[in-house]
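This is data35.pdb (PDB, C-alpha atoms, pLDDT in the B column).
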```
ATOM      1  CA  MET A   1     106.282 100.922 111.894  1.00 67.00           C
ATOM      2  CA  ALA A   2     103.782 101.199 109.068  1.00 84.00           C
ATOM      3  CA  THR A   3     100.081 100.590 109.464  1.00 93.00           C
ATOM      4  CA  VAL A   4      99.040  96.941 109.641  1.00 95.00           C
ATOM      5  CA  THR A   5      96.357  95.465 107.404  1.00 97.00           C
ATOM      6  CA  VAL A   6      93.996  93.338 109.479  1.00 97.00           C
ATOM      7  CA  THR A   7      91.322  90.950 108.198  1.00 98.00           C
ATOM      8  CA  ASP A   8      88.474  89.041 109.807  1.00 98.00           C
ATOM      9  CA  ASP A   9      90.833  86.056 110.006  1.00 98.00           C
ATOM     10  CA  SER A  10      93.735  87.929 111.634  1.00 98.00           C
ATOM     11  CA  PHE A  11      91.754  90.283 113.912  1.00 98.00           C
ATOM     12  CA  GLU A  12      92.036  88.162 117.044  1.00 97.00           C
ATOM     13  CA  ALA A  13      95.798  87.632 116.738  1.00 97.00           C
ATOM     14  CA  ASP A  14      96.643  91.142 115.464  1.00 97.00           C
ATOM     15  CA  VAL A  15      94.312  93.175 117.688  1.00 98.00           C
ATOM     16  CA  LEU A  16      92.793  91.245 120.576  1.00 98.00           C
ATOM     17  CA  GLN A  17      96.024  89.441 121.510  1.00 97.00           C
ATOM     18  CA  ALA A  18      98.354  92.411 120.855  1.00 96.00           C
ATOM     19  CA  SER A  19     100.791  93.357 123.605  1.00 94.00           C
ATOM     20  CA  THR A  20     100.390  97.083 122.902  1.00 94.00           C
ATOM     21  CA  PRO A  21      97.249  99.166 122.368  1.00 96.00           C
ATOM     22  CA  VAL A  22      95.853  98.982 118.834  1.00 97.00           C
ATOM     23  CA  LEU A  23      93.968 101.740 117.041  1.00 98.00           C
ATOM     24  CA  VAL A  24      91.773 100.037 114.447  1.00 98.00           C
ATOM     25  CA  ASP A  25      90.645 102.141 111.482  1.00 98.00           C
ATOM     26  CA  PHE A  26      87.565 100.688 109.780  1.00 98.00           C
ATOM     27  CA  TRP A  27      87.586 102.040 106.219  1.00 98.00           C
ATOM     28  CA  ALA A  28      86.655 101.361 102.588  1.00 98.00           C
ATOM     29  CA  GLU A  29      88.215 102.222  99.234  1.00 97.00           C
ATOM     30  CA  TRP A  30      85.207 104.351  98.203  1.00 97.00           C
ATOM     31  CA  CYS A  31      85.203 106.430 101.409  1.00 97.00           C
ATOM     32  CA  GLY A  32      86.569 109.957 100.876  1.00 97.00           C
ATOM     33  CA  PRO A  33      86.983 110.836 104.585  1.00 97.00           C
ATOM     34  CA  CYS A  34      88.794 107.520 105.104  1.00 97.00           C
ATOM     35  CA  LYS A  35      91.330 108.532 102.477  1.00 96.00           C
ATOM     36  CA  GLN A  36      91.673 111.955 104.143  1.00 96.00           C
ATOM     37  CA  ILE A  37      92.785 110.503 107.484  1.00 97.00           C
ATOM     38  CA  ALA A  38      95.033 107.767 106.035  1.00 97.00           C
ATOM     39  CA  PRO A  39      98.192 109.965 105.824  1.00 97.00           C
ATOM     40  CA  ALA A  40      97.716 111.114 109.446  1.00 97.00           C
ATOM     41  CA  LEU A  41      97.366 107.510 110.613  1.00 97.00           C
ATOM     42  CA  ASP A  42     100.495 106.554 108.667  1.00 96.00           C
ATOM     43  CA  GLN A  43     102.419 109.380 110.391  1.00 97.00           C
ATOM     44  CA  ILE A  44     101.091 108.430 113.816  1.00 96.00           C
ATOM     45  CA  SER A  45     102.099 104.795 113.254  1.00 96.00           C
ATOM     46  CA  GLU A  46     105.674 105.976 112.646  1.00 95.00           C
ATOM     47  CA  GLU A  47     105.762 108.531 115.484  1.00 95.00           C
ATOM     48  CA  LEU A  48     104.254 106.237 118.113  1.00 95.00           C
ATOM     49  CA  ALA A  49     105.890 102.972 117.023  1.00 93.00           C
ATOM     50  CA  GLY A  50     106.146 100.712 120.049  1.00 92.00           C
ATOM     51  CA  GLN A  51     103.405 102.590 121.926  1.00 94.00           C
ATOM     52  CA  VAL A  52     100.434 101.886 119.676  1.00 96.00           C
ATOM     53  CA  THR A  53      99.795  99.832 116.552  1.00 96.00           C
ATOM     54  CA  ILE A  54      97.663 101.377 113.813  1.00 97.00           C
ATOM     55  CA  ALA A  55      95.602  98.658 112.147  1.00 98.00           C
ATOM     56  CA  LYS A  56      93.343  99.058 109.126  1.00 98.00           C
ATOM     57  CA  VAL A  57      90.303  96.878 108.449  1.00 98.00           C
ATOM     58  CA  ASN A  58      88.737  97.212 104.999  1.00 98.00           C
ATOM     59  CA  ILE A  59      85.018  96.699 105.682  1.00 98.00           C
ATOM     60  CA  GLU A  60      84.441  95.430 102.135  1.00 97.00           C
ATOM     61  CA  ASP A  61      87.080  92.690 102.401  1.00 97.00           C
ATOM     62  CA  SER A  62      86.356  91.813 106.043  1.00 97.00           C
ATOM     63  CA  PRO A  63      82.676  92.474 106.814  1.00 97.00           C
ATOM     64  CA  SER A  64      82.181  90.333 109.911  1.00 97.00           C
ATOM     65  CA  THR A  65      84.529  92.221 112.265  1.00 97.00           C
ATOM     66  CA  PRO A  66      82.875  95.638 111.732  1.00 97.00           C
ATOM     67  CA  GLY A  67      79.509  93.940 112.160  1.00 96.00           C
ATOM     68  CA  ARG A  68      80.592  92.354 115.423  1.00 97.00           C
ATOM     69  CA  TYR A  69      81.666  95.737 116.806  1.00 97.00           C
ATOM     70  CA  GLY A  70      78.635  97.661 115.556  1.00 96.00           C
ATOM     71  CA  VAL A  71      80.400  99.828 112.988  1.00 97.00           C
ATOM     72  CA  ARG A  72      77.661 101.850 111.288  1.00 95.00           C
ATOM     73  CA  GLY A  73      79.615 104.625 109.583  1.00 96.00           C
ATOM     74  CA  ILE A  74      83.154 105.019 108.350  1.00 97.00           C
ATOM     75  CA  PRO A  75      85.751 106.001 109.095  1.00 98.00           C
ATOM     76  CA  THR A  76      85.340 104.514 112.562  1.00 98.00           C
ATOM     77  CA  MET A  77      88.394 104.292 114.790  1.00 98.00           C
ATOM     78  CA  MET A  78      88.380 101.980 117.798  1.00 98.00           C
ATOM     79  CA  LEU A  79      91.060 101.702 120.416  1.00 97.00           C
ATOM     80  CA  PHE A  80      91.718  98.243 121.832  1.00 98.00           C
ATOM     81  CA  LYS A  81      93.747  97.517 124.976  1.00 96.00           C
ATOM     82  CA  ASP A  82      94.228  94.054 126.442  1.00 95.00           C
ATOM     83  CA  GLY A  83      91.670  92.560 124.071  1.00 95.00           C
ATOM     84  CA  GLN A  84      88.924  95.072 124.926  1.00 96.00           C
ATOM     85  CA  MET A  85      87.579  98.014 122.954  1.00 96.00           C
ATOM     86  CA  THR A  86      88.191 100.999 125.245  1.00 96.00           C
ATOM     87  CA  ALA A  87      87.334 104.002 123.072  1.00 96.00           C
ATOM     88  CA  MET A  88      85.712 104.830 119.738  1.00 97.00           C
ATOM     89  CA  LYS A  89      85.541 107.812 117.384  1.00 97.00           C
ATOM     90  CA  VAL A  90      83.422 108.045 114.237  1.00 97.00           C
ATOM     91  CA  GLY A  91      84.276 110.386 111.389  1.00 96.00           C
ATOM     92  CA  ALA A  92      87.390 111.988 109.996  1.00 96.00           C
ATOM     93  CA  MET A  93      89.464 114.207 112.231  1.00 96.00           C
ATOM     94  CA  PRO A  94      92.805 115.965 111.874  1.00 96.00           C
ATOM     95  CA  LYS A  95      96.013 114.351 113.076  1.00 97.00           C
ATOM     96  CA  ALA A  96      96.187 116.650 116.121  1.00 97.00           C
ATOM     97  CA  LYS A  97      92.729 115.510 117.258  1.00 97.00           C
ATOM     98  CA  ILE A  98      93.635 111.843 116.813  1.00 97.00           C
ATOM     99  CA  LEU A  99      96.798 112.383 118.886  1.00 96.00           C
ATOM    100  CA  GLU A 100      94.773 114.251 121.532  1.00 96.00           C
ATOM    101  CA  TRP A 101      92.311 111.340 121.682  1.00 96.00           C
ATOM    102  CA  LEU A 102      95.147 108.814 122.045  1.00 96.00           C
ATOM    103  CA  ASN A 103      96.695 110.942 124.781  1.00 94.00           C
ATOM    104  CA  GLN A 104      93.393 111.168 126.675  1.00 93.00           C
ATOM    105  CA  SER A 105      92.996 107.403 126.294  1.00 92.00           C
ATOM    106  CA  GLY A 106      96.316 106.846 128.037  1.00 89.00           C
ATOM    107  CA  VAL A 107      98.181 105.477 125.014  1.00 86.00           C
ATOM    108  CA  MET A 108     100.907 108.085 124.815  1.00 75.00           C
ATOM    109  CA  ALA A 109     103.533 107.943 127.547  1.00 63.00           C
TER     110      ALA A 109
END
```
Could you write out this structure as structure tokens?
Amino acid sequence: MATVTVTDDSFEADVLQASTPVLVDFWAEWCGPCKQIAPALDQISEELAGQVTIAKVNIEDSPSTPGRYGVRGIPTMMLFKDGQMTAMKVGAMPKAKILEWLNQSGVMA
């Protein structure tokens, strides 16, 4: 499963009402570190299809959702389970660290 583009309008349905955990990547086109982690997130979305959904929110196109969740720097990744934000990481990190974080958060079976 590829990453899912989420907007302010679709956030509730795509993230808060999702049946599986959702890792939301808050990013922007001009953000270098955001572009660095994008391939890793794409790979993780394929490898963990069915276990976690990788969603991307462009903060330029959808500014109210990042504001509501207090996003101050990007990339910011938030993990949502059952409609609640359960974990957050700010800054770029390698794929192995993202997987480690997901594992520690109980996403990976």
Discussion item. List as a ChimeraX atom specification the protein and nucleic acid residues near Trp101 of chain A, meaning an atom at most 10 Å away when all atoms listed in the file are counted, but skip any in the same chain fewer than 6 places from it.
Written reply: /A:79,87-89,95,107-108
Name the residues that the PyMOL selection byres ((chain A and resi 28) around 8) picks from the file above, as a CSV table (one decimal) with C-alpha atoms, in the coordinates of the input, using the file's chain letters and numbers.
```
chain,number,residue,atom,x,y,z
A,26,PHE,CA,87.6,100.7,109.8
A,27,TRP,CA,87.6,102.0,106.2
A,29,GLU,CA,88.2,102.2,99.2
A,30,TRP,CA,85.2,104.4,98.2
A,31,CYS,CA,85.2,106.4,101.4
A,34,CYS,CA,88.8,107.5,105.1
A,58,ASN,CA,88.7,97.2,105.0
A,59,ILE,CA,85.0,96.7,105.7
A,60,GLU,CA,84.4,95.4,102.1
A,74,ILE,CA,83.2,105.0,108.4
```
Worksheet item: Rounded to one decimal in Å, what is the spacing between atom CA of Thr7 of chain A and atom CA of Gly70 of chain A?
Response: 16.1 Å
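Minimum atom-to-atom distances from A:Leu41, A:Ala2, A:Ala18, A:Asp9 to Asp61 of chain A were compared using all atoms listed in the file, and the lowest value belongs to A:Asp9.
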Worksheet item: Given the choices A:Glu12, A:Ser105, A:Pro75, A:Met85, which gets closest to Lys35 of chain A if the distance is worked out from all atoms listed in the file?
Response: A:Pro75
Practice prompt. Apply the PyMOL selection byres ((chain A and resi 50) around 12) to the displayed file and report the matching residues as a count of residues only.
Written response: 20
Response to the item:
Counting only C-alpha atoms, the residue among A:Ala92, A:Ala55, A:Thr5, A:Phe11 that lies closest to Gly32 of chain A is A:Ala92
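Considering only C-alpha atoms, the residue among A:Met93, A:Ala40, A:Leu99, A:Met78 positioned nearest to Thr65 of chain A is A:Met78.
Nearest to Val57 of chain A of all the residues A:Gln84, A:Val6, A:Lys97, A:Ala38 is A:Val6, based on all atoms listed in the file.
For the pair atom CA of Val4 of chain A and atom CA of Asp82 of chain A, the separation is 17.7 Å.
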Can you sort out the box for segment 83-99 of chain A, edges along x, y and z, all listed atoms in, 8 Å on every side, with centre and edge lengths in Å to one decimal, as AutoDock Vina command-line options?
```
--center_x 90.1 --center_y 104.6 --center_z 117.6 --size_x 29.4 --size_y 40.1 --size_z 31.2
```
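Across A:Thr3, A:Ala13, A:Pro94, A:Val24, the tightest approach to Pro66 of chain A is made by A:Val24 when counting only C-alpha atoms.
Interatomic distance, atom CA of Asn103 of chain A to atom CA of Ser10 of chain A: 26.7 Å.
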Excluding Asp25 of chain A and any residue of its chain fewer than 2 positions from it, enumerate the residues within 6 Å of it, using all atoms listed in the file, and give them as a tab-separated table (two decimals) with C-alpha atoms, in the frame of the given file.
```tsv
chain	number	residue	atom	x	y	z
A	56	LYS	CA	93.34	99.06	109.13
A	76	THR	CA	85.34	104.51	112.56
A	77	MET	CA	88.39	104.29	114.79
```
My structure is short of atoms at segment 18-49 of chain A; please model N, CA and C atoms there, returning them as a tab-separated table (two decimals), in the coordinates of the input.
```tsv
chain	number	residue	atom	x	y	z
A	18	ALA	N	97.18	91.53	120.97
A	18	ALA	CA	98.35	92.41	120.86
A	18	ALA	C	98.87	92.81	122.23
A	19	SER	N	100.18	92.97	122.33
A	19	SER	CA	100.79	93.36	123.60
A	19	SER	C	100.73	94.86	123.84
A	20	THR	N	100.52	95.63	122.78
A	20	THR	CA	100.39	97.08	122.90
A	20	THR	C	98.98	97.50	122.47
A	21	PRO	N	98.55	98.70	122.85
A	21	PRO	CA	97.25	99.17	122.37
A	21	PRO	C	97.22	99.21	120.84
A	22	VAL	N	96.03	98.99	120.29
A	22	VAL	CA	95.85	98.98	118.83
A	22	VAL	C	94.72	99.93	118.47
A	23	LEU	N	95.01	100.88	117.60
A	23	LEU	CA	93.97	101.74	117.04
A	23	LEU	C	93.54	101.10	115.73
A	24	VAL	N	92.28	100.69	115.65
A	24	VAL	CA	91.77	100.04	114.45
A	24	VAL	C	90.96	101.05	113.65
A	25	ASP	N	91.35	101.24	112.41
A	25	ASP	CA	90.64	102.14	111.48
A	25	ASP	C	89.80	101.27	110.55
A	26	PHE	N	88.48	101.38	110.70
A	26	PHE	CA	87.56	100.69	109.78
A	26	PHE	C	87.32	101.63	108.60
A	27	TRP	N	87.62	101.17	107.40
A	27	TRP	CA	87.59	102.04	106.22
A	27	TRP	C	87.13	101.25	105.00
A	28	ALA	N	86.95	101.98	103.89
A	28	ALA	CA	86.66	101.36	102.59
A	28	ALA	C	87.28	102.21	101.49
A	29	GLU	N	87.56	101.57	100.37
A	29	GLU	CA	88.22	102.22	99.23
A	29	GLU	C	87.41	103.41	98.72
A	30	TRP	N	86.09	103.32	98.76
A	30	TRP	CA	85.21	104.35	98.20
A	30	TRP	C	84.94	105.51	99.17
A	31	CYS	N	85.49	105.45	100.36
A	31	CYS	CA	85.20	106.43	101.41
A	31	CYS	C	86.20	107.60	101.37
A	32	GLY	N	85.71	108.77	100.95
A	32	GLY	CA	86.57	109.96	100.88
A	32	GLY	C	87.20	110.34	102.20
A	33	PRO	N	86.40	110.48	103.28
A	33	PRO	CA	86.98	110.84	104.58
A	33	PRO	C	88.01	109.81	105.08
A	34	CYS	N	87.82	108.55	104.72
A	34	CYS	CA	88.79	107.52	105.10
A	34	CYS	C	90.15	107.81	104.46
A	35	LYS	N	90.10	108.22	103.18
A	35	LYS	CA	91.33	108.53	102.48
A	35	LYS	C	91.97	109.80	103.04
A	36	GLN	N	91.14	110.73	103.55
A	36	GLN	CA	91.67	111.96	104.14
A	36	GLN	C	92.50	111.67	105.39
A	37	ILE	N	92.06	110.74	106.23
A	37	ILE	CA	92.78	110.50	107.48
A	37	ILE	C	93.93	109.51	107.34
A	38	ALA	N	93.99	108.79	106.22
A	38	ALA	CA	95.03	107.77	106.04
A	38	ALA	C	96.45	108.31	106.21
A	39	PRO	N	96.82	109.47	105.62
A	39	PRO	CA	98.19	109.96	105.82
A	39	PRO	C	98.50	110.28	107.29
A	40	ALA	N	97.51	110.82	108.02
A	40	ALA	CA	97.72	111.11	109.45
A	40	ALA	C	97.95	109.83	110.23
A	41	LEU	N	97.18	108.79	109.91
A	41	LEU	CA	97.37	107.51	110.61
A	41	LEU	C	98.72	106.89	110.29
A	42	ASP	N	99.16	107.04	109.04
A	42	ASP	CA	100.50	106.55	108.67
A	42	ASP	C	101.57	107.27	109.48
A	43	GLN	N	101.45	108.59	109.62
A	43	GLN	CA	102.42	109.38	110.39
A	43	GLN	C	102.40	108.98	111.86
A	44	ILE	N	101.21	108.81	112.41
A	44	ILE	CA	101.09	108.43	113.82
A	44	ILE	C	101.71	107.06	114.05
A	45	SER	N	101.53	106.14	113.10
A	45	SER	CA	102.10	104.80	113.25
A	45	SER	C	103.63	104.86	113.33
A	46	GLU	N	104.21	105.80	112.60
A	46	GLU	CA	105.67	105.98	112.65
A	46	GLU	C	106.09	106.65	113.95
A	47	GLU	N	105.39	107.72	114.32
A	47	GLU	CA	105.76	108.53	115.48
A	47	GLU	C	105.57	107.78	116.80
A	48	LEU	N	104.56	106.94	116.87
A	48	LEU	CA	104.25	106.24	118.11
A	48	LEU	C	104.57	104.74	118.03
A	49	ALA	N	105.49	104.38	117.15
A	49	ALA	CA	105.89	102.97	117.02
A	49	ALA	C	106.33	102.45	118.39
```
